[in-house]
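final.cif follows; it contains mmCIF, C-alpha atoms.
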data_query
loop_
_atom_site.label_atom_id
_atom_site.label_comp_id
_atom_site.auth_asym_id
_atom_site.auth_seq_id
_atom_site.Cartn_x
_atom_site.Cartn_y
_atom_site.Cartn_z
CA MET A 1 10.58 33.10 -19.77
CA ASN A 2 7.70 33.67 -17.41
CA THR A 3 4.13 33.28 -18.59
CA ASN A 4 0.81 34.56 -17.37
CA ARG A 5 -0.75 31.06 -17.23
CA ILE A 6 0.78 28.57 -14.83
CA THR A 7 0.70 25.00 -16.09
CA PRO A 8 -0.10 22.52 -13.30
CA ARG A 9 2.70 20.09 -12.59
CA ALA A 10 1.75 16.46 -13.03
CA GLY A 11 1.43 14.31 -9.97
CA ARG A 12 -0.89 12.48 -7.65
CA GLY A 13 -1.84 15.72 -5.89
CA VAL A 14 -3.18 17.27 -9.10
CA VAL A 15 -5.23 14.19 -9.94
CA ALA A 16 -6.64 14.00 -6.42
CA GLY A 17 -7.38 17.71 -6.64
CA ALA A 18 -10.06 17.11 -9.27
CA ALA A 19 -12.41 15.85 -6.58
CA LEU A 20 -11.69 18.85 -4.37
CA ILE A 21 -12.26 21.23 -7.29
CA ALA A 22 -15.61 19.55 -7.93
CA SER A 23 -16.50 20.06 -4.28
CA VAL A 24 -15.49 23.72 -4.42
CA LEU A 25 -17.58 24.32 -7.54
CA LEU A 26 -20.62 22.77 -5.84
CA ALA A 27 -20.06 24.93 -2.79
CA LEU A 28 -19.66 28.02 -4.96
CA ALA A 29 -22.90 27.22 -6.73
CA ASP A 30 -24.68 27.14 -3.39
CA VAL A 31 -23.00 30.43 -2.45
CA ALA A 32 -24.26 32.05 -5.63
CA ALA A 33 -27.77 30.75 -5.07
CA ALA A 34 -27.90 32.00 -1.49
CA ASP A 35 -27.92 35.72 -2.44
CA PRO A 36 -31.17 36.72 -4.13
CA ALA A 37 -30.36 40.43 -4.42
CA THR A 38 -27.59 42.20 -6.36
CA PRO A 39 -26.46 45.32 -4.44
CA GLU A 40 -22.75 46.00 -4.05
CA GLN A 41 -22.71 44.82 -0.43
CA VAL A 42 -24.16 41.46 -1.49
CA GLN A 43 -21.58 41.19 -4.28
CA GLU A 44 -18.77 41.88 -1.83
CA ARG A 45 -20.11 39.25 0.57
CA GLN A 46 -20.27 36.76 -2.29
CA ARG A 47 -16.67 37.54 -3.24
CA LYS A 48 -15.54 36.85 0.31
CA MET A 49 -17.38 33.52 0.34
CA VAL A 50 -15.92 32.52 -3.03
CA ALA A 51 -12.41 33.44 -1.84
CA GLN A 52 -12.97 31.33 1.26
CA GLU A 53 -13.92 28.30 -0.84
CA LEU A 54 -10.99 28.79 -3.22
CA SER A 55 -8.58 28.94 -0.28
CA LYS A 56 -9.06 25.15 0.03
CA LEU A 57 -7.08 24.72 -3.21
CA ASN A 58 -3.33 24.83 -3.69
CA ALA A 59 -1.71 26.57 -6.67
CA ASP A 60 -1.94 23.57 -9.00
CA MET A 61 -5.61 22.97 -8.21
CA LEU A 62 -6.40 26.67 -8.47
CA THR A 63 -4.83 26.76 -11.92
CA LEU A 64 -6.75 23.64 -12.97
CA LEU A 65 -9.94 25.38 -11.91
CA PHE A 66 -9.06 28.59 -13.79
CA ASN A 67 -8.22 26.59 -16.92
CA HIS A 68 -11.47 24.63 -16.59
CA ILE A 69 -13.65 27.73 -16.54
CA GLY A 70 -11.56 29.72 -19.01
CA ILE A 71 -9.98 32.32 -16.71
CA THR A 72 -6.50 33.63 -17.52
CA PRO A 73 -5.07 35.67 -14.62
CA SER A 74 -2.36 38.18 -15.45
CA VAL A 75 1.29 38.01 -14.40
CA ASP A 76 0.56 40.83 -11.95
CA PHE A 77 -2.18 38.75 -10.32
CA ASN A 78 0.12 35.75 -9.94
CA ASN A 79 2.81 37.99 -8.47
CA CYS A 80 0.27 39.47 -6.08
CA MET A 81 -0.58 35.97 -4.85
CA CYS A 82 3.06 35.25 -3.98
CA PRO A 83 4.32 36.10 -0.47
CA GLY A 84 6.62 39.07 0.02
CA GLY A 85 9.96 38.70 -1.72
CA PHE A 86 8.68 35.97 -4.06
CA HIS A 87 7.61 36.33 -7.68
CA ALA A 88 5.50 34.10 -9.94
CA TYR A 89 7.49 31.71 -12.08
CA ALA A 90 6.25 28.92 -14.33
CA GLY A 91 9.35 27.54 -16.00
CA ALA A 92 9.91 23.81 -16.48
CA ASP A 93 12.25 23.78 -13.48
CA ALA A 94 9.72 25.43 -11.15
CA GLY A 95 9.60 23.98 -7.66
CA GLY A 96 6.44 25.92 -6.86
CA PRO A 97 4.43 28.82 -8.25
CA CYS A 98 6.51 31.44 -6.42
CA ARG A 99 10.28 31.84 -6.64
CA ARG A 100 12.80 33.93 -4.74
CA ILE A 101 16.43 34.32 -5.76
CA GLY A 102 18.61 35.21 -2.78
CA PRO A 103 21.42 37.76 -2.79
CA LEU A 104 23.98 34.96 -3.16
CA GLY A 105 22.08 33.28 -5.98
CA GLY A 106 20.27 30.62 -3.97
CA THR A 107 16.71 29.81 -5.14
CA SER A 108 13.76 29.07 -2.89
CA TRP A 109 10.18 28.15 -3.75
CA THR A 110 6.82 28.49 -2.03
CA GLY A 111 3.10 28.35 -2.74
CA TYR A 112 0.53 31.10 -3.05
CA ASP A 113 -0.59 33.03 0.01
CA MET A 114 -4.30 32.21 -0.31
CA ASN A 115 -5.15 34.84 2.30
CA THR A 116 -4.37 37.50 -0.32
CA LEU A 117 -6.84 36.14 -2.89
CA LEU A 118 -9.64 38.59 -2.09
CA GLY A 119 -7.33 41.61 -2.22
CA CYS A 120 -5.47 40.48 -5.33
CA ALA A 121 -8.70 39.87 -7.24
CA ALA A 122 -9.83 43.40 -6.36
CA SER A 123 -6.54 45.14 -7.15
CA VAL A 124 -5.60 43.18 -10.27
CA PRO A 125 -8.66 42.75 -12.53
CA LEU A 126 -8.82 40.40 -15.51
CA ALA A 127 -8.08 41.65 -19.03
CA ASP A 128 -11.72 42.68 -19.51
CA GLY A 129 -11.69 44.65 -16.26
CA SER A 130 -13.81 42.15 -14.32
CA ASN A 131 -13.11 40.71 -10.89
CA LEU A 132 -11.77 37.17 -11.04
CA LEU A 133 -13.96 36.06 -8.13
CA ASP A 134 -17.10 37.24 -9.93
CA LYS A 135 -16.11 35.12 -12.95
CA VAL A 136 -15.63 32.05 -10.76
CA ALA A 137 -19.01 32.55 -9.07
CA GLN A 138 -20.72 33.00 -12.44
CA ALA A 139 -19.11 29.84 -13.83
CA ALA A 140 -20.38 27.86 -10.86
CA LYS A 141 -24.01 28.74 -11.59
CA PRO A 142 -25.83 26.14 -13.69
CA SER A 143 -28.42 27.25 -16.19
CA ARG A 144 -31.91 27.41 -14.75
CA ALA A 145 -33.43 26.93 -18.17
CA SER A 146 -34.74 23.50 -19.07
CA THR A 147 -33.27 21.72 -22.07
CA THR A 148 -36.83 20.61 -22.90
CA PRO A 149 -38.81 23.75 -22.00
CA THR A 150 -42.00 22.71 -23.79
CA ALA A 151 -42.21 19.19 -22.35
CA ASP A 152 -45.21 18.61 -20.08
CA THR A 153 -43.31 16.35 -17.70
CA THR A 154 -42.93 16.02 -13.95
CA GLY A 155 -39.41 17.36 -14.41
CA ALA A 156 -40.70 20.53 -16.09
CA LYS A 157 -43.29 21.06 -13.37
CA LEU A 158 -40.71 20.46 -10.66
CA ARG A 159 -38.24 22.87 -12.25
CA LYS A 160 -40.93 25.57 -12.34
CA GLN A 161 -41.67 25.10 -8.64
CA VAL A 162 -38.00 25.08 -7.68
CA ILE A 163 -37.41 28.33 -9.57
CA THR A 164 -40.41 29.82 -7.78
CA LEU A 165 -38.88 28.87 -4.43
CA GLU A 166 -35.56 30.40 -5.43
CA LYS A 167 -37.24 33.62 -6.52
CA ALA A 168 -38.85 33.72 -3.08
CA CYS A 169 -35.34 33.99 -1.59
CA LEU A 170 -35.27 30.36 -0.45
CA PRO A 171 -31.99 28.49 -0.98
CA VAL A 172 -32.60 25.34 -3.01
CA GLY A 173 -29.00 24.51 -3.87
CA ASP A 174 -27.80 23.62 -7.35
CA ARG A 175 -27.76 19.84 -7.11
CA ILE A 176 -31.47 19.88 -7.92
CA TYR A 177 -30.76 21.56 -11.25
CA ALA A 178 -28.15 18.94 -12.10
CA ILE A 179 -30.77 16.26 -11.39
CA LEU A 180 -33.35 18.03 -13.57
CA ASP A 181 -30.85 18.57 -16.39
CA GLU A 182 -30.05 14.86 -16.39
CA TYR A 183 -33.75 14.00 -16.34
CA ASP A 184 -34.41 16.32 -19.30
CA LYS A 185 -31.60 14.65 -21.23
CA GLN A 186 -32.94 11.18 -20.47
CA TYR A 187 -36.50 12.19 -21.29
CA ALA A 188 -35.43 13.62 -24.65
CA GLY A 189 -33.80 10.27 -25.44
CA TYR A 190 -36.95 8.46 -24.38
CA GLU A 191 -39.09 10.62 -26.67
CA ARG A 192 -36.75 9.95 -29.60
CA ALA A 193 -37.00 6.22 -28.95
CA VAL A 194 -40.79 6.36 -28.82
CA LYS A 195 -40.95 8.20 -32.16
CA ALA A 196 -38.51 5.77 -33.72
CA PHE A 197 -40.13 2.55 -32.56
CA GLY A 198 -43.79 3.40 -32.21
CA HIS A 199 -46.25 4.06 -29.43
CA PRO A 200 -45.13 3.00 -25.91
CA THR A 201 -48.25 0.87 -25.42
CA TRP A 202 -47.45 -1.57 -28.22
CA THR A 203 -47.81 -5.29 -27.49
CA SER A 204 -44.74 -6.65 -29.29
CA GLY A 205 -41.06 -5.89 -28.92
CA THR A 206 -39.25 -4.15 -26.05
CA PRO A 207 -40.62 -0.68 -25.31
CA PRO A 208 -38.21 2.20 -24.66
CA ALA A 209 -37.21 2.49 -21.02
CA ARG A 210 -38.53 5.43 -19.05
CA PRO A 211 -35.88 7.90 -17.82
CA ALA A 212 -33.77 6.26 -15.11
CA SER A 213 -33.98 9.39 -12.95
CA GLU A 214 -37.79 9.59 -13.19
CA PRO A 215 -38.45 7.89 -9.80
CA LEU A 216 -36.18 10.43 -8.11
CA VAL A 217 -37.86 13.37 -9.84
CA ASP A 218 -41.27 11.94 -8.93
CA GLU A 219 -40.16 11.57 -5.30
CA ILE A 220 -39.00 15.19 -5.07
CA TYR A 221 -42.14 16.46 -6.77
CA ALA A 222 -44.35 14.46 -4.39
CA ALA A 223 -42.39 15.75 -1.38
CA LEU A 224 -42.99 19.32 -2.51
CA GLN A 225 -46.72 18.73 -2.78
CA ALA A 226 -46.80 17.25 0.73
CA ALA A 227 -44.71 19.95 2.44
CA PRO A 228 -46.83 22.48 4.36
CA ASP A 229 -45.00 25.66 3.34
CA PRO A 230 -42.38 26.92 0.87
CA CYS A 231 -39.62 26.86 3.49
CA GLU A 232 -40.07 23.17 4.11
CA GLN A 233 -40.40 22.59 0.37
CA ALA A 234 -36.94 24.13 -0.09
CA ALA A 235 -35.54 21.92 2.67
CA GLU A 236 -37.04 18.83 1.04
CA VAL A 237 -35.52 19.74 -2.32
CA ASN A 238 -32.09 20.20 -0.74
CA LEU A 239 -32.12 17.07 1.38
CA ILE A 240 -33.45 14.67 -1.26
CA ALA A 241 -31.09 16.10 -3.88
CA GLU A 242 -28.12 15.80 -1.55
CA ARG A 243 -29.09 12.25 -0.61
CA SER A 244 -29.24 11.19 -4.24
CA SER A 245 -26.22 13.18 -5.43
CA VAL A 246 -23.83 11.41 -3.08
CA ARG A 247 -24.03 8.33 -5.29
CA SER A 248 -22.69 10.11 -8.34
CA THR A 249 -21.00 13.37 -7.36
CA THR A 250 -17.27 13.36 -6.72
CA GLY A 251 -17.55 16.53 -4.70
CA MET A 252 -20.00 14.95 -2.30
CA ALA A 253 -17.39 12.30 -1.49
CA VAL A 254 -15.05 15.09 -0.44
CA ASP A 255 -17.78 16.64 1.71
CA ILE A 256 -18.34 13.29 3.41
CA ALA A 257 -14.63 12.75 4.02
CA ALA A 258 -14.46 16.11 5.80
CA VAL A 259 -17.10 15.04 8.35
CA TRP A 260 -16.55 11.28 8.57
CA VAL A 261 -15.75 10.11 12.11
CA VAL A 262 -13.12 7.36 12.42
CA PRO A 263 -13.02 6.00 15.99
CA GLY A 264 -10.74 3.18 17.00
CA ALA A 265 -8.17 2.69 14.24
CA ASP A 266 -5.29 4.82 15.54
CA ASP A 267 -5.94 3.64 19.10
CA VAL A 268 -5.41 0.04 18.03
CA LEU A 269 -2.03 0.83 16.50
CA VAL A 270 -0.99 2.44 19.78
CA MET A 271 -2.43 -0.40 21.85
CA ILE A 272 -0.38 -3.16 20.23
CA ALA A 273 2.82 -1.54 21.47
CA ARG A 274 1.81 -2.59 25.00
CA HIS A 275 2.03 -6.27 24.05
CA PRO A 276 5.58 -6.81 22.77
CA VAL A 277 5.42 -10.58 23.30
CA LEU A 278 2.78 -10.84 20.58
CA ASP A 279 3.45 -10.05 16.93
CA LEU A 280 0.29 -7.94 16.51
CA LEU A 281 1.27 -5.53 13.75
CA SER A 282 -0.17 -7.71 10.99
CA ASN A 283 -3.45 -8.17 12.91
CA ALA A 284 -3.73 -4.46 13.59
CA LYS A 285 -3.05 -3.55 9.96
CA ASN A 286 -5.66 -6.06 8.82
CA LEU A 287 -8.16 -4.56 11.26
CA VAL A 288 -7.52 -1.02 10.03
CA LYS A 289 -7.79 -2.23 6.42
CA SER A 290 -11.08 -3.96 7.25
CA MET A 291 -12.37 -0.73 8.82
CA ASP A 292 -11.43 1.24 5.72
CA ILE A 293 -13.23 -1.26 3.48
CA TRP A 294 -16.54 -1.35 5.34
CA ARG A 295 -16.51 2.39 5.86
CA ASP A 296 -16.04 2.97 2.13
CA GLN A 297 -18.77 0.47 1.35
CA GLN A 298 -21.28 2.05 3.71
CA LYS A 299 -20.57 5.79 3.44
CA VAL A 300 -23.29 6.31 0.86
CA GLU A 301 -25.81 4.35 2.92
CA VAL A 302 -24.93 6.25 6.09
CA TYR A 303 -25.08 9.66 4.40
CA SER A 304 -28.36 8.84 2.67
CA GLY A 305 -29.81 7.65 5.96
CA ALA A 306 -28.78 10.89 7.60
CA MET A 307 -30.56 12.97 4.96
CA GLN A 308 -33.71 10.90 5.51
CA GLU A 309 -33.39 11.27 9.26
CA ALA A 310 -33.00 15.06 8.93
CA ARG A 311 -36.15 15.20 6.80
CA LYS A 312 -38.13 13.37 9.49
CA VAL A 313 -36.80 15.64 12.24
CA ILE A 314 -37.69 18.77 10.27
CA ARG A 315 -41.19 17.50 9.46
CA SER A 316 -41.90 16.60 13.11
CA ASN A 317 -40.53 19.83 14.58
CA ARG A 318 -42.44 22.67 12.98
CA PRO A 319 -42.34 25.41 14.02
CA ILE A 320 -38.93 25.14 15.68
CA THR A 321 -37.93 27.04 18.80
CA GLN A 322 -34.45 27.53 20.21
CA GLY A 323 -35.33 25.25 23.10
CA GLY A 324 -36.63 22.60 20.74
CA TYR A 325 -33.54 22.79 18.55
CA ASP A 326 -31.21 22.60 21.56
CA SER A 327 -33.13 19.57 22.81
CA ILE A 328 -32.71 17.81 19.46
CA THR A 329 -28.99 18.49 19.15
CA GLY A 330 -28.50 17.72 22.85
CA SER A 331 -30.08 14.30 22.45
CA TYR A 332 -27.76 13.59 19.52
CA ASP A 333 -24.77 14.72 21.59
CA ASP A 334 -25.82 12.45 24.45
CA GLU A 335 -26.17 9.51 22.10
CA SER A 336 -22.77 10.25 20.57
CA GLN A 337 -21.18 10.33 24.02
CA LEU A 338 -22.68 6.95 24.88
CA LEU A 339 -21.41 5.52 21.60
CA ARG A 340 -17.91 6.84 22.22
CA GLU A 341 -17.98 5.30 25.68
CA LYS A 342 -18.93 2.01 24.02
CA VAL A 343 -15.84 2.28 21.81
CA ALA A 344 -13.70 3.02 24.87
CA GLN A 345 -15.13 -0.04 26.62
CA ALA A 346 -14.40 -2.15 23.54
CA GLN A 347 -10.82 -0.88 23.57
CA VAL A 348 -10.45 -1.83 27.24
CA ALA A 349 -11.88 -5.28 26.48
CA LEU A 350 -9.51 -5.73 23.54
CA ASP A 351 -6.55 -4.65 25.63
CA ALA A 352 -7.55 -7.06 28.39
CA GLY A 353 -8.03 -9.87 25.88
CA LEU A 354 -4.62 -9.24 24.37
CA SER A 355 -3.10 -9.28 27.86
CA GLU A 356 -4.59 -12.73 28.45
CA ILE A 357 -3.26 -13.95 25.11
CA ASP A 358 0.08 -12.36 25.99
CA LYS A 359 0.20 -14.37 29.24
CA MET A 360 -0.91 -17.53 27.41
CA ALA A 361 1.93 -17.09 24.96
CA ARG A 362 4.50 -16.66 27.71
CA ASP A 363 3.25 -19.58 29.80
CA ASN A 364 2.61 -22.14 27.07
CA ARG A 365 5.16 -21.48 24.34
CA PRO A 366 6.94 -24.77 23.48
CA VAL A 367 10.60 -24.98 24.38
CA SER A 368 13.07 -24.39 21.60
CA GLY A 369 13.78 -28.11 21.18
CA ALA A 370 10.14 -29.18 20.95
CA PRO A 371 8.91 -30.79 17.70
CA GLY A 372 8.04 -28.39 14.92
CA ALA A 373 4.41 -29.52 14.92
CA GLN A 374 4.03 -28.26 18.50
CA HIS A 375 5.39 -24.83 17.54
CA ILE A 376 3.05 -24.66 14.53
CA GLN A 377 0.03 -25.73 16.59
CA PHE A 378 0.91 -23.17 19.29
CA GLU A 379 1.34 -20.32 16.80
CA ASN A 380 -1.94 -21.20 15.09
CA SER A 381 -3.84 -21.26 18.39
CA ILE A 382 -2.38 -17.86 19.37
CA ARG A 383 -3.35 -16.41 15.99
CA MET A 384 -6.90 -17.74 16.36
CA GLU A 385 -7.24 -16.08 19.77
CA GLU A 386 -5.84 -12.81 18.42
CA ASN A 387 -8.14 -12.85 15.39
CA HIS A 388 -11.15 -13.49 17.62
CA ALA A 389 -10.23 -10.57 19.91
CA PHE A 390 -9.77 -8.18 16.99
CA GLY A 391 -12.95 -9.47 15.33
CA VAL A 392 -15.08 -8.72 18.41
CA TYR A 393 -13.60 -5.21 18.56
CA ASP A 394 -14.19 -4.65 14.83
CA GLU A 395 -17.85 -5.63 15.16
CA VAL A 396 -18.44 -3.18 18.02
CA VAL A 397 -16.63 -0.29 16.34
CA ARG A 398 -18.39 -0.92 13.05
CA ASP A 399 -21.86 -0.39 14.55
CA VAL A 400 -20.72 2.60 16.59
CA SER A 401 -18.85 4.26 13.75
CA LEU A 402 -21.73 4.04 11.31
CA ARG A 403 -24.21 5.50 13.81
CA LEU A 404 -21.78 8.24 14.90
CA ASN A 405 -21.42 9.31 11.30
CA GLN A 406 -25.14 9.27 10.66
CA ILE A 407 -25.55 11.52 13.68
CA ALA A 408 -22.80 13.85 12.46
CA PHE A 409 -24.36 14.18 8.99
CA THR A 410 -27.87 14.58 10.42
CA LYS A 411 -26.74 17.38 12.74
CA ALA A 412 -24.94 19.12 9.86
CA ALA A 413 -28.11 18.95 7.76
CA LEU A 414 -30.24 20.30 10.60
CA GLU A 415 -27.80 23.14 11.17
CA LYS A 416 -28.08 24.03 7.50
CA HIS A 417 -31.82 23.59 6.97
CA LEU A 418 -33.55 23.81 10.36
CA ALA A 419 -31.48 26.13 12.55
CA PRO A 420 -32.01 29.22 10.32
CA ARG A 421 -35.78 28.95 10.93
CA ILE A 422 -35.56 29.02 14.74
CA GLY A 423 -38.22 31.35 16.06
CA LEU A 424 -39.36 32.39 12.58
CA SER A 425 -42.47 31.66 10.60
CA CYS A 426 -41.91 30.78 6.96
CA GLU A 427 -42.98 34.30 5.96
CA GLN A 428 -40.49 35.83 8.41
CA PHE A 429 -37.74 33.51 7.18
CA ILE A 430 -38.36 34.52 3.57
CA ALA A 431 -38.44 38.21 4.51
CA SER A 432 -35.15 37.81 6.38
CA ASN A 433 -33.49 36.14 3.39
CA CYS A 434 -34.77 38.73 0.94
CA HIS A 435 -33.65 41.56 3.21
CA GLU A 436 -30.13 40.17 3.19
#
Could you take the file, read its structure, and then write that structure out as C-alpha cells?
Amino acid sequence: MNTNRITPRAGRGVVAGAALIASVLLALADVAAADPATPEQVQERQRKMVAQELSKLNADMLTLLFNHIGITPSVDFNNCMCPGGFHAYAGADAGGPCRRIGPLGGTSWTGYDMNTLLGCAASVPLADGSNLLDKVAQAAKPSRASTTPTADTTGAKLRKQVITLEKACLPVGDRIYAILDEYDKQYAGYERAVKAFGHPTWTSGTPPARPASEPLVDEIYAALQAAPDPCEQAAEVNLIAERSSVRSTTGMAVDIAAVWVVPGADDVLVMIARHPVLDLLSNAKNLVKSMDIWRDQQKVEVYSGAMQEARKVIRSNRPITQGGYDSITGSYDDESQLLREKVAQAQVALDAGLSEIDKMARDNRPVSGAPGAQHIQFENSIRMEENHAFGVYDEVVRDVSLRLNQIAFTKAALEKHLAPRIGLSCEQFIASNCHE
C-alpha cells in the first residue's frame, strides 16, 4: 500500500546526502535573512530561491530533510513531483520514488522532477494549508534570541549589534548566530563552574576555563568596532564567521568542494598512456592519492586564508567603483592564468622527463639471461627516476593548486560582499536592500 511519507532507502548516497542537506539548510538560512520585508512579491521570490536550493537534493535526501524538520507532504504532492505517467510509490520493492506500470505489465522507476517543486508546493499545500517551501524556509532560520539574554558579555553585545545590522537590511548570514549560540552555551557552563568552585581569581586549584569560542567572539566584536560603516561591519561578520565555520560545519565542506580547483591529476593519468614501455600506473595513482591527501589537509587553511584576503581587499577598496572592482578581479584572473601556465609547463617537463626515462629503459634494460641482481638494480634505478620526476611535478602543482583555490574563494567572497556595493555609498546600499 502506498503511503504519504517516503522512507529513504539505505545506502551510501543517503549517508553522503547528510552533508549536502546541511549545506542546503545553511544556504536557505542565508536566503531567509536576505529579505528584510514581507510583501507577497518578496515571499514569492524567497520560495523560488528555496526551490532552487532544494533542487540540489535527490528524492532520498529531500525526504530526509522533510523528516528532519517535521514536514509530511501529502500523496498528491508526491504524485505531483513525479514526471508524467509516473506515480509516487514507497513500497519495500521500490526502485525509485516514482513508478510507472506499462500496458503489458512492465514496471519502470524514476526520480522526482525537481523542476516542478515550486509549482507542486503552490498547488498542493500541506495539511494545515501552508506552502511547503515556506515551512522549509522557516525551519532554516535560527533563533535570534540569546540563550543568556541577561548576560553582560561580549557575545551579548555582539548579538545586539548583529541584530541591528540585520534590521538595517544588511545581510549578516546565519553562521554568526550559530557561533553566538555556541558561545552562550559555553559561557553558561563557565558561570556554573565559577559558582560551583568559587571566584575565578582564587590562588589554589584549577580555575574554570573561559569559553573556547571567546577569542573568536572577541575578534568579531573588535572587527565591528574598527569597521567604518555598517555595510563593512556586515561584511566583516560574514567573512570572519565563514572563515571560522569551515572548521566545524559539514555544509561548508560541501561549499568548498563545489569551488575547489583540481589541476593536474587527470592530465597525469592521460599522460602515462604515452609511455607504454614504463609501468607508470602505480606511480600515477600514488601521485593522485598524494594530491588528494594534501588538498584535504590544506582546504581549511586555503579557505580561511581566502576569507582573510577578501577582508583586506574590502578594507583597502572603499568606496568601490566598477573600474576598481574590474581591476581587482582582472588581476586575480591574470594571476590564475600564469599559474595555469605554470602547471602546463610542469606537465611538459614531466612528459619530457618520462620520455628520457623511457629511452633509458629501452637502451639499458639487461638482457633476459642477465643475473637477477642486474634486473633488480635496473628496475630500482628506473623507479627512482620515475619517483623523482613525479615528485617534482607534485611539488609544482601543490603550490599552484593551493593558490588557485585561494584566488577562487577570494573572488567568490568579493562577488558576494563587495560587488553589490559598486557605485553605492553605505546609505544607498542599505536603501537599495530595504527597497527590495
Could you write out as an MDAnalysis selection string the residues that the PyMOL selection byres ((chain A and resi 355-357) around 8) matches in the shown file? chainID A and resid 275 351:354 358:361 382 385:386
Can you write out the residues you just picked, keeping C-alpha atoms, as a short mmCIF file (atom, residue, chain, number, x, y, z; two decimals), keeping the file's coordinate frame?
data_model
loop_
_atom_site.label_atom_id
_atom_site.label_comp_id
_atom_site.auth_asym_id
_atom_site.auth_seq_id
_atom_site.Cartn_x
_atom_site.Cartn_y
_atom_site.Cartn_z
CA HIS A 275 2.03 -6.27 24.05
CA ASP A 351 -6.55 -4.65 25.63
CA ALA A 352 -7.55 -7.06 28.39
CA GLY A 353 -8.03 -9.87 25.88
CA LEU A 354 -4.62 -9.24 24.37
CA ASP A 358 0.08 -12.36 25.99
CA LYS A 359 0.20 -14.37 29.24
CA MET A 360 -0.91 -17.53 27.41
CA ALA A 361 1.93 -17.09 24.96
CA ILE A 382 -2.38 -17.86 19.37
CA GLU A 385 -7.24 -16.08 19.77
CA GLU A 386 -5.84 -12.81 18.42
#
Would you list the contacts of range 92-107 of chain A as an MDAnalysis selection string, taking every protein, DNA or RNA residue within 9 Å and counting all atoms listed in the file, but skipping same-chain residues closer than 3 positions in sequence? chainID A and resid 6 9 59:60 78:79 81:83 85:89 110:112
From the options A:Asp134, A:Glu232, A:Asp76, A:Asp128, which residue's atoms come nearest to Ala51 in chain A, counting only C-alpha atoms? A:Asp134
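For Gln161 in chain A, the residues within 10 Å (counting all atoms listed in the file, excluding itself and residues fewer than 5 positions away along the chain) are Gly155, Ala156, Glu166, Lys167, Tyr221, Leu224, Pro230, Gln233 and Ala234 of chain A.
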Between A:Val136, A:Ala284, A:Asp184, A:Leu278, which has the minimum distance to Arg362 in chain A (counting all atoms listed in the file)?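 So, comparing all the options, the nearest one is A:Leu278.
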On this structure, which residues satisfy the PyMOL selection byres ((chain A and resi 133) around 9), written as a list in words?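 Those residues are Gln46, Arg47, Lys48, Val50, Ala51, Leu117, Leu118, Ala121, Ala122, Ser130, Asn131, Leu132, Asp134, Lys135, Val136, Ala137 and Gln138 of chain A.
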Distance CA of Ile71 in chain A-CA of Asp174 in chain A, one decimal place? 21.9 Å
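Once the PyMOL selection byres ((chain A and resi 326) around 12) is applied to this file, the selection holds A:Asn317, A:Ile320, A:Thr321, A:Gln322, A:Gly323, A:Gly324, A:Tyr325, A:Ser327, A:Ile328, A:Thr329, A:Gly330, A:Ser331, A:Tyr332, A:Asp333, A:Asp334, A:Lys411, A:Leu414, A:Glu415, A:Leu418, A:Ala419, A:Ile422.
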Take the residues that were just selected and, keeping C-alpha atoms, output them as a compact mmCIF listing (two decimals), in the coordinates of the input.
# COMPACT_ATOMS: atom_id res chain seq x y z
CA ASN A 317 -40.53 19.83 14.58
CA ILE A 320 -38.93 25.14 15.68
CA THR A 321 -37.93 27.04 18.80
CA GLN A 322 -34.45 27.53 20.21
CA GLY A 323 -35.33 25.25 23.10
CA GLY A 324 -36.63 22.60 20.74
CA TYR A 325 -33.54 22.79 18.55
CA SER A 327 -33.13 19.57 22.81
CA ILE A 328 -32.71 17.81 19.46
CA THR A 329 -28.99 18.49 19.15
CA GLY A 330 -28.50 17.72 22.85
CA SER A 331 -30.08 14.30 22.45
CA TYR A 332 -27.76 13.59 19.52
CA ASP A 333 -24.77 14.72 21.59
CA ASP A 334 -25.82 12.45 24.45
CA LYS A 411 -26.74 17.38 12.74
CA LEU A 414 -30.24 20.30 10.60
CA GLU A 415 -27.80 23.14 11.17
CA LEU A 418 -33.55 23.81 10.36
CA ALA A 419 -31.48 26.13 12.55
CA ILE A 422 -35.56 29.02 14.74
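Candidate residues A:Cys231, A:Leu158, A:Ala90, A:Val400 were compared for distance to Arg421 in chain A, and the nearest is A:Cys231, using all atoms listed in the file.
For the pair CA of Glu236 in chain A and CA of Pro211 in chain A, the interatomic distance is 21.8 Å.
The gap separating CA of Gly173 in chain A from CA of Asn238 in chain A is 6.2 Å, in Å to one decimal.
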Surrounding residues of Ser55 in chain A excluding itself and chain neighbours under 2 positions, 8 Å, only C-alpha atoms, as a compact mmCIF listing (two decimals) with C-alpha atoms, in the coordinates of the input:
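The resulting file, out01.txt, is reproduced below:
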# COMPACT_ATOMS: atom_id res chain seq x y z
CA ALA A 51 -12.41 33.44 -1.84
CA GLN A 52 -12.97 31.33 1.26
CA GLU A 53 -13.92 28.30 -0.84
CA LEU A 57 -7.08 24.72 -3.21
CA ASN A 58 -3.33 24.83 -3.69
CA MET A 114 -4.30 32.21 -0.31
CA ASN A 115 -5.15 34.84 2.30
CA LEU A 117 -6.84 36.14 -2.89
Selection: 9 Å around Gly305 in chain A, only C-alpha atoms, excl. self and same-chain fewer than 5 positions, as a ChimeraX atom specification: /A:243,300,310,406,410
Pick the closest to Leu287 in chain A from A:Thr63, A:Gln308, A:Asn387, A:Ser123: which is it, counting only C-alpha atoms? A:Asn387
Would you mind listing what lies within 10 Å of Ile240 in chain A as a PyMOL selection string, with all atoms listed in the file counted and same-chain residues fewer than 5 positions away left out? chain A and resi 175-176+216-217+219-220+223+235+245+304+307-308+311
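Shortest separation to Gln298 in chain A among A:Asn286, A:Asp279, A:Gly189, A:Leu402 occurs at residue A:Leu402, atoms counted being only C-alpha atoms.
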A:Arg383, A:Phe378, A:Gln225, A:Val75: which is nearest Asp363 in chain A, counting all atoms listed in the file? A:Phe378
